[in-house]
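Structure file input-v9.tsv; described as TSV, C-alpha atoms.
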chain	number	residue	atom	x	y	z
V	1	GLY	CA	-78.20	-9.41	83.76
V	2	GLY	CA	-77.29	-8.44	87.25
V	3	ASP	CA	-79.47	-11.05	88.92
V	4	GLU	CA	-77.66	-13.93	87.18
V	5	LEU	CA	-74.27	-12.61	88.29
V	6	GLU	CA	-75.11	-12.88	91.98
V	7	PRO	CA	-75.65	-16.70	92.09
V	8	GLU	CA	-72.62	-17.16	89.78
V	9	LEU	CA	-70.47	-15.24	92.27
V	10	LEU	CA	-71.97	-17.14	95.20
V	11	LEU	CA	-71.24	-20.43	93.48
V	12	GLN	CA	-67.67	-19.31	92.80
V	13	GLU	CA	-67.26	-18.30	96.44
V	14	ALA	CA	-68.73	-21.60	97.64
V	15	ARG	CA	-66.30	-23.51	95.40
V	16	GLU	CA	-63.40	-21.51	96.77
V	17	ASN	CA	-64.56	-22.14	100.34
V	18	VAL	CA	-64.82	-25.89	99.71
V	19	GLU	CA	-61.33	-25.89	98.20
V	20	ALA	CA	-59.98	-23.91	101.16
V	21	ALA	CA	-61.66	-26.32	103.59
V	22	GLN	CA	-60.21	-29.31	101.73
V	23	SER	CA	-56.75	-27.82	101.75
V	24	TYR	CA	-57.19	-26.93	105.46
V	25	ARG	CA	-58.21	-30.52	106.19
V	26	ARG	CA	-55.17	-31.81	104.24
V	27	GLU	CA	-52.89	-29.51	106.24
V	28	LEU	CA	-54.44	-30.68	109.52
V	29	GLY	CA	-54.01	-34.29	108.34
V	30	HIS	CA	-50.28	-33.69	107.79
V	31	ARG	CA	-50.03	-32.12	111.23
V	32	LEU	CA	-51.84	-35.05	112.83
V	33	GLN	CA	-49.40	-37.40	111.15
V	34	GLY	CA	-46.49	-35.32	112.45
V	35	LEU	CA	-48.02	-35.39	115.94
V	36	ARG	CA	-48.45	-39.17	115.80
V	37	GLU	CA	-44.81	-39.58	114.83
V	38	ALA	CA	-43.79	-37.33	117.72
V	39	GLN	CA	-45.96	-39.33	120.15
V	40	ARG	CA	-44.57	-42.59	118.81
V	41	GLN	CA	-41.00	-41.33	119.22
V	42	ILE	CA	-41.62	-40.42	122.88
V	43	LYS	CA	-43.37	-43.71	123.67
V	44	GLU	CA	-40.92	-45.95	121.80
V	45	SER	CA	-37.83	-44.25	123.19
V	46	ALA	CA	-39.31	-44.33	126.72
V	47	SER	CA	-40.07	-48.03	126.41
V	48	GLN	CA	-36.61	-48.75	125.00
V	49	THR	CA	-35.00	-46.73	127.81
V	50	ARG	CA	-36.96	-48.71	130.44
V	51	ASP	CA	-35.72	-51.97	128.93
V	52	VAL	CA	-32.12	-50.73	128.85
V	53	LEU	CA	-32.31	-49.59	132.50
V	54	ARG	CA	-33.84	-52.87	133.71
V	55	GLN	CA	-31.31	-54.93	131.80
V	56	HIS	CA	-28.39	-52.85	133.08
V	57	PHE	CA	-29.44	-52.98	136.73
V	58	ASN	CA	-30.16	-56.70	136.51
V	59	ASP	CA	-26.70	-57.27	135.05
V	60	LEU	CA	-25.25	-55.08	137.77
V	61	LYS	CA	-27.06	-57.08	140.49
V	62	GLY	CA	-25.71	-60.30	139.01
V	63	THR	CA	-22.17	-58.92	138.84
V	64	LEU	CA	-22.32	-57.50	142.39
V	65	GLY	CA	-23.70	-60.82	143.66
V	66	LYS	CA	-20.82	-62.67	141.99
V	67	LEU	CA	-18.24	-60.26	143.43
V	68	LEU	CA	-19.68	-60.64	146.96
V	69	ASP	CA	-19.73	-64.44	146.60
V	70	GLU	CA	-16.08	-64.45	145.45
V	71	ARG	CA	-15.06	-62.29	148.40
V	72	LEU	CA	-16.92	-64.61	150.80
V	73	VAL	CA	-15.12	-67.67	149.38
V	74	THR	CA	-11.74	-65.93	149.84
V	75	LEU	CA	-12.46	-65.06	153.48
V	76	LEU	CA	-13.77	-68.56	154.28
V	77	GLN	CA	-10.55	-70.00	152.81
V	78	GLU	CA	-8.54	-67.73	155.11
V	79	VAL	CA	-10.49	-69.08	158.12
V	80	ASP	CA	-9.79	-72.67	156.98
V	81	THR	CA	-6.06	-71.97	156.60
V	82	ILE	CA	-5.67	-70.37	160.04
V	83	GLU	CA	-7.70	-73.17	161.67
V	84	GLN	CA	-5.65	-75.94	160.01
V	85	GLU	CA	-2.25	-74.36	160.71
V	86	THR	CA	-2.89	-73.58	164.39
V	87	ILE	CA	-4.74	-76.79	165.32
V	88	LYS	CA	-1.97	-79.13	164.07
V	89	PRO	CA	0.55	-78.57	166.94
V	90	LEU	CA	-2.32	-78.99	169.44
V	91	ASP	CA	-3.33	-82.27	167.79
V	92	ASP	CA	0.32	-83.47	168.02
V	93	CYS	CA	0.39	-82.52	171.71
V	94	GLN	CA	-2.86	-84.42	172.27
V	95	LYS	CA	-1.39	-87.59	170.74
V	96	LEU	CA	1.64	-87.27	173.01
V	97	ILE	CA	-0.49	-86.88	176.15
V	98	GLU	CA	-2.78	-89.75	175.15
V	99	HIS	CA	0.27	-91.95	174.66
V	100	GLY	CA	1.51	-90.91	178.14
V	101	VAL	CA	-1.88	-91.74	179.69
V	102	THR	CA	-1.83	-95.25	178.13
V	103	THR	CA	1.74	-95.83	179.36
V	104	ALA	CA	0.86	-94.66	182.88
V	105	GLU	CA	-2.27	-96.85	183.00
V	106	ASP	CA	-0.28	-99.93	181.93
V	107	LEU	CA	2.31	-99.16	184.59
V	108	VAL	CA	-0.35	-98.81	187.30
V	109	ARG	CA	-1.87	-102.17	186.39
V	110	GLU	CA	1.52	-103.94	186.22
V	111	GLY	CA	2.61	-102.37	189.52
V	112	GLU	CA	-0.55	-103.39	191.31
V	113	VAL	CA	-0.08	-107.02	190.17
V	114	ALA	CA	3.58	-106.98	191.26
V	115	ILE	CA	2.71	-105.59	194.70
V	116	LEU	CA	0.07	-108.30	195.20
V	117	GLY	CA	2.85	-110.93	194.62
V	118	GLY	CA	4.57	-109.97	197.92
V	119	LEU	CA	8.34	-110.20	198.65
V	120	GLY	CA	9.01	-113.78	197.63
V	121	GLU	CA	12.20	-114.52	195.71
V	122	GLN	CA	10.16	-115.76	192.81
V	123	ASN	CA	8.60	-112.35	192.44
V	124	GLU	CA	10.28	-111.55	189.12
V	125	LYS	CA	7.37	-109.20	188.36
V	126	LEU	CA	8.29	-106.77	191.11
V	127	TRP	CA	11.83	-106.67	189.88
V	128	SER	CA	11.02	-106.02	186.21
V	129	PHE	CA	8.34	-103.48	187.20
V	130	THR	CA	10.81	-101.44	189.24
V	131	LYS	CA	13.28	-101.52	186.34
V	132	LYS	CA	10.60	-100.39	183.85
V	133	ALA	CA	9.37	-97.58	186.14
V	134	ALA	CA	12.91	-96.20	186.38
V	135	HIS	CA	13.04	-95.94	182.55
V	136	ILE	CA	9.83	-93.92	182.23
V	137	GLN	CA	10.17	-90.30	183.32
V	138	LEU	CA	7.11	-90.00	185.46
V	139	ASP	CA	7.80	-86.32	186.11
V	140	SER	CA	8.09	-85.03	182.45
V	141	LEU	CA	4.79	-83.30	181.57
V	142	PRO	CA	4.19	-81.75	178.07
V	143	GLU	CA	3.46	-78.03	177.86
V	144	VAL	CA	-0.22	-77.16	177.20
V	145	PRO	CA	-0.70	-73.59	175.83
V	146	LEU	CA	-2.85	-71.10	177.71
V	147	LEU	CA	-6.13	-70.08	176.06
V	148	VAL	CA	-4.90	-66.48	175.69
V	149	ASP	CA	-2.00	-67.78	173.59
V	150	VAL	CA	-4.24	-69.79	171.22
V	151	PRO	CA	-5.94	-68.18	168.19
V	152	CYS	CA	-9.53	-67.11	168.67
V	153	LEU	CA	-10.88	-66.32	165.17
V	154	SER	CA	-13.34	-63.56	164.38
V	155	ALA	CA	-14.54	-61.57	161.34
V	156	GLN	CA	-13.99	-57.82	161.07
V	157	LEU	CA	-16.80	-56.38	158.96
V	158	ASP	CA	-16.97	-52.68	158.32
V	159	ASP	CA	-20.35	-51.08	157.59
V	160	SER	CA	-18.82	-48.07	155.83
V	161	ILE	CA	-18.81	-50.05	152.56
V	162	LEU	CA	-22.58	-49.66	152.47
V	163	ASN	CA	-22.36	-45.89	152.70
V	164	ILE	CA	-19.73	-45.74	149.96
V	165	VAL	CA	-21.66	-48.10	147.69
V	166	LYS	CA	-24.93	-46.31	148.45
V	167	ASP	CA	-23.47	-42.95	147.38
V	168	HIS	CA	-22.21	-44.44	144.12
V	169	ILE	CA	-25.44	-46.29	143.42
V	170	PHE	CA	-27.58	-43.19	144.00
V	171	LYS	CA	-25.49	-41.26	141.46
V	172	HIS	CA	-25.32	-44.12	138.95
V	173	GLY	CA	-26.95	-43.57	135.55
V	174	THR	CA	-28.96	-40.63	134.22
V	175	VAL	CA	-31.96	-40.30	131.94
V	176	ALA	CA	-31.58	-37.78	129.11
V	177	SER	CA	-34.74	-36.46	127.48
V	178	ARG	CA	-32.96	-35.85	124.18
V	179	PRO	CA	-29.66	-36.78	122.49
V	180	PRO	CA	-26.92	-34.11	122.80
V	181	VAL	CA	-26.54	-33.82	118.97
V	182	GLN	CA	-29.05	-33.69	116.15
V	183	ILE	CA	-28.81	-33.61	112.36
V	184	GLU	CA	-29.43	-30.05	111.21
V	185	GLU	CA	-29.73	-30.40	107.43
V	186	LEU	CA	-29.16	-32.71	104.48
V	187	ILE	CA	-28.07	-31.09	101.21
V	188	GLU	CA	-28.17	-33.07	97.99
V	189	LYS	CA	-25.10	-33.15	95.77
V	190	PRO	CA	-24.40	-35.10	92.58
V	191	GLY	CA	-23.85	-38.66	93.80
V	192	GLY	CA	-23.64	-37.49	97.41
V	193	ILE	CA	-25.35	-35.84	100.37
V	194	ILE	CA	-23.83	-33.23	102.67
V	195	VAL	CA	-24.87	-33.97	106.27
V	196	ARG	CA	-24.68	-31.13	108.83
V	197	TRP	CA	-25.24	-31.65	112.53
V	198	CYS	CA	-25.15	-29.50	115.65
V	199	LYS	CA	-25.05	-29.74	119.43
V	200	VAL	CA	-28.40	-29.23	121.16
V	201	ASP	CA	-27.15	-29.69	124.73
V	202	ASP	CA	-25.17	-26.67	125.93
V	203	ASP	CA	-23.70	-28.56	128.89
V	204	PHE	CA	-22.20	-31.20	126.61
V	205	THR	CA	-18.63	-30.66	125.36
V	206	ALA	CA	-18.09	-32.83	122.30
V	207	GLN	CA	-14.64	-34.06	121.42
V	208	ASP	CA	-15.60	-36.31	118.51
V	209	TYR	CA	-18.66	-36.97	116.39
V	210	ARG	CA	-19.63	-40.22	114.70
V	211	LEU	CA	-21.88	-40.29	111.63
V	212	GLN	CA	-23.60	-43.43	110.38
V	213	PHE	CA	-25.87	-44.07	107.40
V	214	ARG	CA	-27.82	-46.85	105.75
V	215	LYS	CA	-30.12	-47.36	102.82
V	216	CYS	CA	-33.69	-47.33	104.11
V	217	THR	CA	-34.02	-50.93	102.88
V	218	SER	CA	-31.01	-52.08	104.96
V	219	ASN	CA	-31.15	-53.30	108.55
V	220	HIS	CA	-27.85	-52.02	109.86
V	221	PHE	CA	-26.12	-48.65	109.93
V	222	GLU	CA	-22.45	-48.30	109.00
V	223	ASP	CA	-19.87	-45.75	110.15
V	224	VAL	CA	-19.02	-43.20	107.49
V	225	TYR	CA	-17.24	-40.49	109.52
V	226	VAL	CA	-15.58	-40.10	112.94
V	227	GLY	CA	-13.93	-36.77	113.78
V	228	SER	CA	-14.34	-33.29	115.16
V	229	GLU	CA	-16.07	-31.65	112.15
V	230	THR	CA	-19.81	-30.90	112.17
V	231	GLU	CA	-20.43	-31.68	108.52
V	232	PHE	CA	-19.45	-34.39	106.07
V	233	ILE	CA	-20.22	-35.23	102.47
V	234	VAL	CA	-21.32	-38.85	102.10
V	235	LEU	CA	-20.34	-40.01	98.62
V	236	HIS	CA	-21.32	-42.93	96.35
V	237	ILE	CA	-25.00	-42.25	97.03
V	238	ASP	CA	-27.35	-43.84	94.47
V	239	PRO	CA	-29.70	-41.22	93.00
V	240	ASN	CA	-33.36	-41.21	94.11
V	241	VAL	CA	-32.80	-43.78	96.87
V	242	ASP	CA	-33.73	-42.94	100.47
V	243	TYR	CA	-30.90	-43.06	103.01
V	244	GLN	CA	-31.08	-42.64	106.78
V	245	PHE	CA	-28.45	-40.74	108.74
V	246	ARG	CA	-27.77	-40.54	112.48
V	247	VAL	CA	-25.02	-38.95	114.55
V	248	CYS	CA	-23.71	-39.26	118.11
V	249	ALA	CA	-20.92	-37.59	120.05
V	250	ARG	CA	-18.22	-38.46	122.55
V	251	GLY	CA	-17.76	-36.11	125.50
V	252	ASP	CA	-14.46	-34.55	126.41
V	253	GLY	CA	-12.07	-37.21	127.72
V	254	ARG	CA	-14.77	-39.93	127.67
V	255	GLN	CA	-14.66	-43.42	126.17
V	256	GLU	CA	-18.36	-44.02	125.59
V	257	TRP	CA	-20.52	-42.51	122.84
V	258	SER	CA	-23.68	-40.53	123.55
V	259	PRO	CA	-27.12	-41.78	122.48
V	260	TRP	CA	-27.86	-41.54	118.72
V	261	SER	CA	-29.66	-38.55	117.27
V	262	VAL	CA	-33.12	-38.99	115.80
V	263	PRO	CA	-32.46	-40.56	112.35
V	264	GLN	CA	-33.12	-38.24	109.39
V	265	THR	CA	-34.02	-39.49	105.92
V	266	GLY	CA	-32.66	-37.88	102.75
V	267	HIS	CA	-31.90	-38.63	99.13
V	268	SER	CA	-30.17	-37.05	96.17
V	269	THR	CA	-31.95	-36.57	92.86
V	270	LEU	CA	-28.63	-35.57	91.28
V	271	VAL	CA	-26.66	-38.27	89.49
V	272	PRO	CA	-22.90	-38.37	90.13
V	273	HIS	CA	-20.57	-36.62	87.70
V	274	GLU	CA	-18.80	-39.16	85.49
V	275	TRP	CA	-16.45	-38.81	82.54
V	276	THR	CA	-17.41	-40.27	79.15
V	277	THR	CA	-15.98	-43.74	78.67
V	278	GLY	CA	-14.22	-45.02	75.58
V	279	PHE	CA	-12.28	-41.81	74.85
V	280	GLU	CA	-8.86	-42.94	73.64
V	281	GLY	CA	-6.76	-40.16	75.15
V	282	TYR	CA	-7.79	-40.89	78.78
V	283	SER	CA	-7.89	-43.76	81.25
V	284	LEU	CA	-10.68	-43.62	83.86
V	285	SER	CA	-10.93	-44.79	87.47
V	286	SER	CA	-13.46	-47.50	88.41
V	287	ARG	CA	-16.08	-44.92	89.45
V	288	ARG	CA	-15.33	-42.95	86.28
V	289	ASN	CA	-14.85	-39.73	88.26
V	290	ILE	CA	-11.04	-39.54	87.84
V	291	ALA	CA	-9.48	-39.23	84.37
V	292	LEU	CA	-5.78	-39.62	83.65
V	293	ARG	CA	-4.35	-38.62	80.27
V	294	ASN	CA	-2.47	-41.52	78.68
V	295	ASP	CA	0.26	-41.66	76.02
V	296	SER	CA	-2.16	-42.06	73.12
V	297	GLU	CA	-1.77	-39.55	70.24
V	298	SER	CA	-5.48	-38.71	70.08
V	299	SER	CA	-6.41	-35.22	71.23
V	300	GLY	CA	-9.77	-33.59	71.89
V	301	VAL	CA	-12.11	-32.71	74.73
V	302	LEU	CA	-13.10	-35.24	77.38
V	303	TYR	CA	-16.74	-34.49	78.31
V	304	SER	CA	-18.84	-35.66	81.23
V	305	SER	CA	-21.08	-38.60	80.31
V	306	ALA	CA	-24.25	-36.50	80.82
V	307	PRO	CA	-25.17	-32.86	81.52
V	308	THR	CA	-25.40	-33.49	85.29
V	309	TYR	CA	-24.65	-29.92	86.35
V	310	PHE	CA	-27.43	-27.49	87.28
V	311	CYS	CA	-27.49	-23.78	88.05
V	312	GLY	CA	-27.04	-22.79	91.66
V	313	GLN	CA	-24.68	-25.68	92.40
V	314	THR	CA	-20.94	-25.43	92.72
V	315	LEU	CA	-18.84	-27.74	90.61
V	316	THR	CA	-15.28	-28.51	91.72
V	317	PHE	CA	-12.50	-30.17	89.73
V	318	ARG	CA	-9.51	-31.39	91.69
V	319	VAL	CA	-6.19	-31.75	89.91
V	320	GLU	CA	-4.29	-34.71	91.35
V	321	THR	CA	-1.15	-34.71	89.18
V	322	VAL	CA	0.19	-32.56	86.37
V	323	GLY	CA	2.20	-33.72	83.35
V	324	GLN	CA	3.69	-31.78	80.42
V	325	PRO	CA	1.44	-28.69	79.93
V	326	ASP	CA	-0.06	-27.65	76.59
V	327	ARG	CA	-1.60	-24.22	75.85
V	328	ARG	CA	-4.90	-25.89	74.87
V	329	ASP	CA	-5.17	-27.67	78.25
V	330	SER	CA	-8.14	-26.31	80.13
V	331	ILE	CA	-10.91	-27.25	82.54
V	332	GLY	CA	-14.38	-25.85	82.14
V	333	VAL	CA	-18.10	-26.05	81.55
V	334	CYS	CA	-20.03	-25.77	78.30
V	335	ALA	CA	-23.64	-25.57	77.16
V	336	GLU	CA	-23.44	-28.63	74.93
V	337	LYS	CA	-21.08	-31.26	73.60
V	338	GLN	CA	-19.38	-30.26	70.34
V	339	ASN	CA	-17.10	-32.85	68.82
V	340	GLY	CA	-14.21	-31.87	66.56
V	341	TRP	CA	-12.73	-29.27	68.93
V	342	ASP	CA	-9.38	-29.98	70.53
V	343	SER	CA	-10.03	-27.54	73.39
V	344	LEU	CA	-12.83	-25.83	75.40
V	345	GLN	CA	-11.50	-22.46	74.21
V	346	ARG	CA	-14.57	-22.16	71.95
V	347	ASP	CA	-18.04	-20.66	71.70
V	348	GLN	CA	-20.63	-21.56	74.41
V	349	ALA	CA	-17.96	-22.62	76.90
V	350	VAL	CA	-16.12	-21.15	79.88
V	351	CYS	CA	-12.76	-22.59	80.83
V	352	VAL	CA	-9.58	-21.96	82.79
V	353	SER	CA	-6.33	-22.97	81.09
V	354	THR	CA	-3.48	-24.54	83.05
V	355	ASN	CA	-1.62	-21.21	83.17
V	356	GLY	CA	-4.66	-19.53	84.80
V	357	ALA	CA	-6.04	-17.68	81.73
V	358	VAL	CA	-9.86	-17.51	81.64
V	359	PHE	CA	-11.66	-18.03	78.29
V	360	VAL	CA	-15.32	-17.18	77.72
V	361	ASN	CA	-16.81	-18.14	74.34
V	362	GLY	CA	-13.26	-18.68	73.05
V	363	LYS	CA	-12.06	-15.15	73.99
V	364	GLU	CA	-9.37	-14.68	76.61
V	365	MET	CA	-10.52	-12.45	79.49
V	366	THR	CA	-8.39	-9.85	81.25
V	367	ASN	CA	-8.70	-11.47	84.69
V	368	GLN	CA	-5.96	-14.01	85.31
V	369	LEU	CA	-6.16	-16.79	87.93
V	370	PRO	CA	-3.21	-18.62	89.53
V	371	ALA	CA	-1.74	-21.42	87.41
V	372	VAL	CA	-3.25	-24.87	87.88
V	373	THR	CA	-0.81	-27.24	89.59
V	374	SER	CA	-0.85	-30.54	91.44
V	375	GLY	CA	-3.42	-30.37	94.26
V	376	SER	CA	-5.26	-27.31	92.82
V	377	THR	CA	-9.04	-27.24	92.86
V	378	VAL	CA	-11.00	-25.27	90.26
V	379	THR	CA	-14.58	-24.44	91.29
V	380	PHE	CA	-17.35	-23.11	89.04
V	381	ASP	CA	-20.24	-21.36	90.74
V	382	ILE	CA	-23.01	-20.73	88.20
V	383	GLU	CA	-26.17	-18.70	88.70
V	384	ALA	CA	-28.87	-17.68	86.27
V	385	VAL	CA	-29.30	-13.95	85.62
V	386	THR	CA	-32.50	-12.67	84.01
V	387	LEU	CA	-32.08	-10.03	81.30
V	388	GLY	CA	-34.90	-7.51	80.88
V	389	THR	CA	-38.37	-7.98	82.32
V	390	ALA	CA	-39.76	-11.14	80.83
V	391	SER	CA	-43.22	-12.17	81.98
V	392	ALA	CA	-43.61	-15.78	83.03
V	393	ASN	CA	-45.47	-17.02	79.99
V	394	GLU	CA	-42.79	-15.78	77.58
V	395	GLY	CA	-40.26	-18.13	79.20
V	396	GLY	CA	-37.84	-15.32	79.99
V	397	ASN	CA	-34.44	-14.66	78.53
V	398	PHE	CA	-31.66	-16.21	80.62
V	399	LYS	CA	-27.96	-15.69	80.58
V	400	LEU	CA	-25.60	-17.78	82.64
V	401	ARG	CA	-23.05	-15.98	84.75
V	402	GLU	CA	-20.08	-18.12	85.83
V	403	LYS	CA	-17.65	-17.33	88.61
V	404	PRO	CA	-14.69	-19.67	88.33
V	405	PHE	CA	-12.23	-19.46	91.21
V	406	ILE	CA	-9.22	-21.53	92.23
For the file at hand, write its structure as structure tokens.
Amino acid sequence: GGDELEPELLLQEARENVEAAQSYRRELGHRLQGLREAQRQIKESASQTRDVLRQHFNDLKGTLGKLLDERLVTLLQEVDTIEQETIKPLDDCQKLIEHGVTTAEDLVREGEVAILGGLGEQNEKLWSFTKKAAHIQLDSLPEVPLLVDVPCLSAQLDDSILNIVKDHIFKHGTVASRPPVQIEELIEKPGGIIVRWCKVDDDFTAQDYRLQFRKCTSNHFEDVYVGSETEFIVLHIDPNVDYQFRVCARGDGRQEWSPWSVPQTGHSTLVPHEWTTGFEGYSLSSRRNIALRNDSESSGVLYSSAPTYFCGQTLTFRVETVGQPDRRDSIGVCAEKQNGWDSLQRDQAVCVSTNGAVFVNGKEMTNQLPAVTSGSTVTFDIEAVTLGTASANEGGNFKLREKPFI
């Protein structure tokens, strides 16, 4: 009765409340984790920036010290050179005067001895002394320069260098709170990932971008794109493997790259499109994504190795070169492999022939596309369209609608 229903309802409500609380706690847990990552990013990048600044300014001090030392050595050498060059003639003059002093002293001694000998005829000394004295010019005195004419060295040191250096030092280096570019989205493609990035600093004018990636298991990033575009498809991506991407930019007219964006992790669940191997009529490239018809007689349809195409994607074929055309030549998509056909112009297939005719289920349509030539790309854009109102448990009734365009 009615009484039993009440507790049953209460119990149901209690269960629902417990579930809601559990889910609420889970949500809060996720948010806490997100917060911790955000805190870690701030702390780690701040610590890294401190290290970079200290290292840079230490290096700068060392370099400045070396430059000042080199300049000092140069100036001291200049002082040495001037001193040596200008002291030499004075040294020569000194030798000359000292020689004159010695000669004069000898003469005085000899003269005094001769005079003591008196005027006797035997006084040879007086005679030879007089002769010697006549030979020496006792009135020729060497020129000694005046102090005003002799170098007096000094150092000219200008304090303005400090002001100039100070101005430069006070403007040197900046701290940015975030990189000027960030990765906006990662879109999975068969065997690839489209990476889109955008500028987050309005004052920054980017001339070039540089995209790097690595497998999450690898230690080093490698360049995959440098250019002015803001998106790039990274190919040869292994399915279901995590890859990290980061991007930086180079400002207008600058040499150096900006700091890296925060790395973003992405993967592709979609395996790359590959052609079936071992089909006689075609030779395949090493990655099995390019097929070239060979001279073999065998004809038939070359299929992809697996049904790797899903609704909602776009699928593009690129025609590199064109040989002798055949009316059965066509490029297309089909619901399943059917051997024994020599063309996709059959049931459960949509294709475009080389002359641009469109076939659906083997019937030629009225709309005609341009002919397929060297360098053409043919793109199929497939979406699912529901027919009627099917409720979920009946599985629905789907029809594929293709929009090929060239």
Taking only C-alpha atoms into account, name the residue in V:Ala335, V:Val350, V:Val241, V:Ala249 that is nearest to Thr269 of chain V.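 Closest candidate: V:Val241.
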Atom CA of Val52 of chain V to atom CA of Val200 of chain V: how many Å, to one decimal?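 Computed distance, atom CA of Val52 of chain V to atom CA of Val200 of chain V, equals 23.1 Å.
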In terms of the shortest atom-to-atom distance over all atoms listed in the file, which of V:Gln207, V:Asn219, V:Asn163, V:Gln156 is closest to Gly251 of chain V?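 Answer, going by the shortest atom-to-atom distance: V:Gln207.
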Got a sec: who's within 9 Å of Lys125 of chain V, counting all atoms listed in the file, leaving out chain neighbours fewer than 5 positions off, as a compact mmCIF listing (two decimals) with C-alpha atoms, in the coordinates of the input?
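Writing the result to selection-v7.txt gives the following:
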# COMPACT_ATOMS: atom_id res chain seq x y z
CA GLU V 110 1.52 -103.94 186.22
CA GLY V 111 2.61 -102.37 189.52
CA VAL V 113 -0.08 -107.02 190.17
CA ALA V 114 3.58 -106.98 191.26
CA ILE V 115 2.71 -105.59 194.70
CA GLY V 117 2.85 -110.93 194.62
CA THR V 130 10.81 -101.44 189.24
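Around Asp139 of chain V, within 12 Å and counting all atoms listed in the file, the residues found are Gly100, Ala104, Ala133, Ala134 and His135 of chain V, once anything fewer than 4 positions away on its own chain is removed.
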Interatomic distance, atom CA of Ala176 of chain V to atom CA of Gln33 of chain V (Å, one decimal): 25.3 Å
Surrounding residues of Ala349 of chain V excluding itself and chain neighbours under 5 positions, 10 Å, all atoms listed in the file, as number ranges by chain: V: 332-337, 343-344, 359-363
Take the residues from that selection and write them out as a compact mmCIF listing (two decimals), keeping the file's coordinate frame, keeping C-alpha atoms.
# COMPACT_ATOMS: atom_id res chain seq x y z
CA GLY V 332 -14.38 -25.85 82.14
CA VAL V 333 -18.10 -26.05 81.55
CA CYS V 334 -20.03 -25.77 78.30
CA ALA V 335 -23.64 -25.57 77.16
CA GLU V 336 -23.44 -28.63 74.93
CA LYS V 337 -21.08 -31.26 73.60
CA SER V 343 -10.03 -27.54 73.39
CA LEU V 344 -12.83 -25.83 75.40
CA PHE V 359 -11.66 -18.03 78.29
CA VAL V 360 -15.32 -17.18 77.72
CA ASN V 361 -16.81 -18.14 74.34
CA GLY V 362 -13.26 -18.68 73.05
CA LYS V 363 -12.06 -15.15 73.99
Between V:Leu116, V:Ala46, V:Val226, V:Ala384, which one has atoms that come closest to Gly312 of chain V, using only C-alpha atoms?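 Of V:Leu116, V:Ala46, V:Val226, V:Ala384, the one nearest Gly312 of chain V, counting only C-alpha atoms, is V:Ala384.
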Distance criterion (all atoms listed in the file): nearest to Gln324 of chain V out of V:Gln77, V:Thr373, V:Gln338, V:Ser160: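 Ranking V:Gln77, V:Thr373, V:Gln338, V:Ser160 by distance to Gln324 of chain V, first place goes to V:Thr373.
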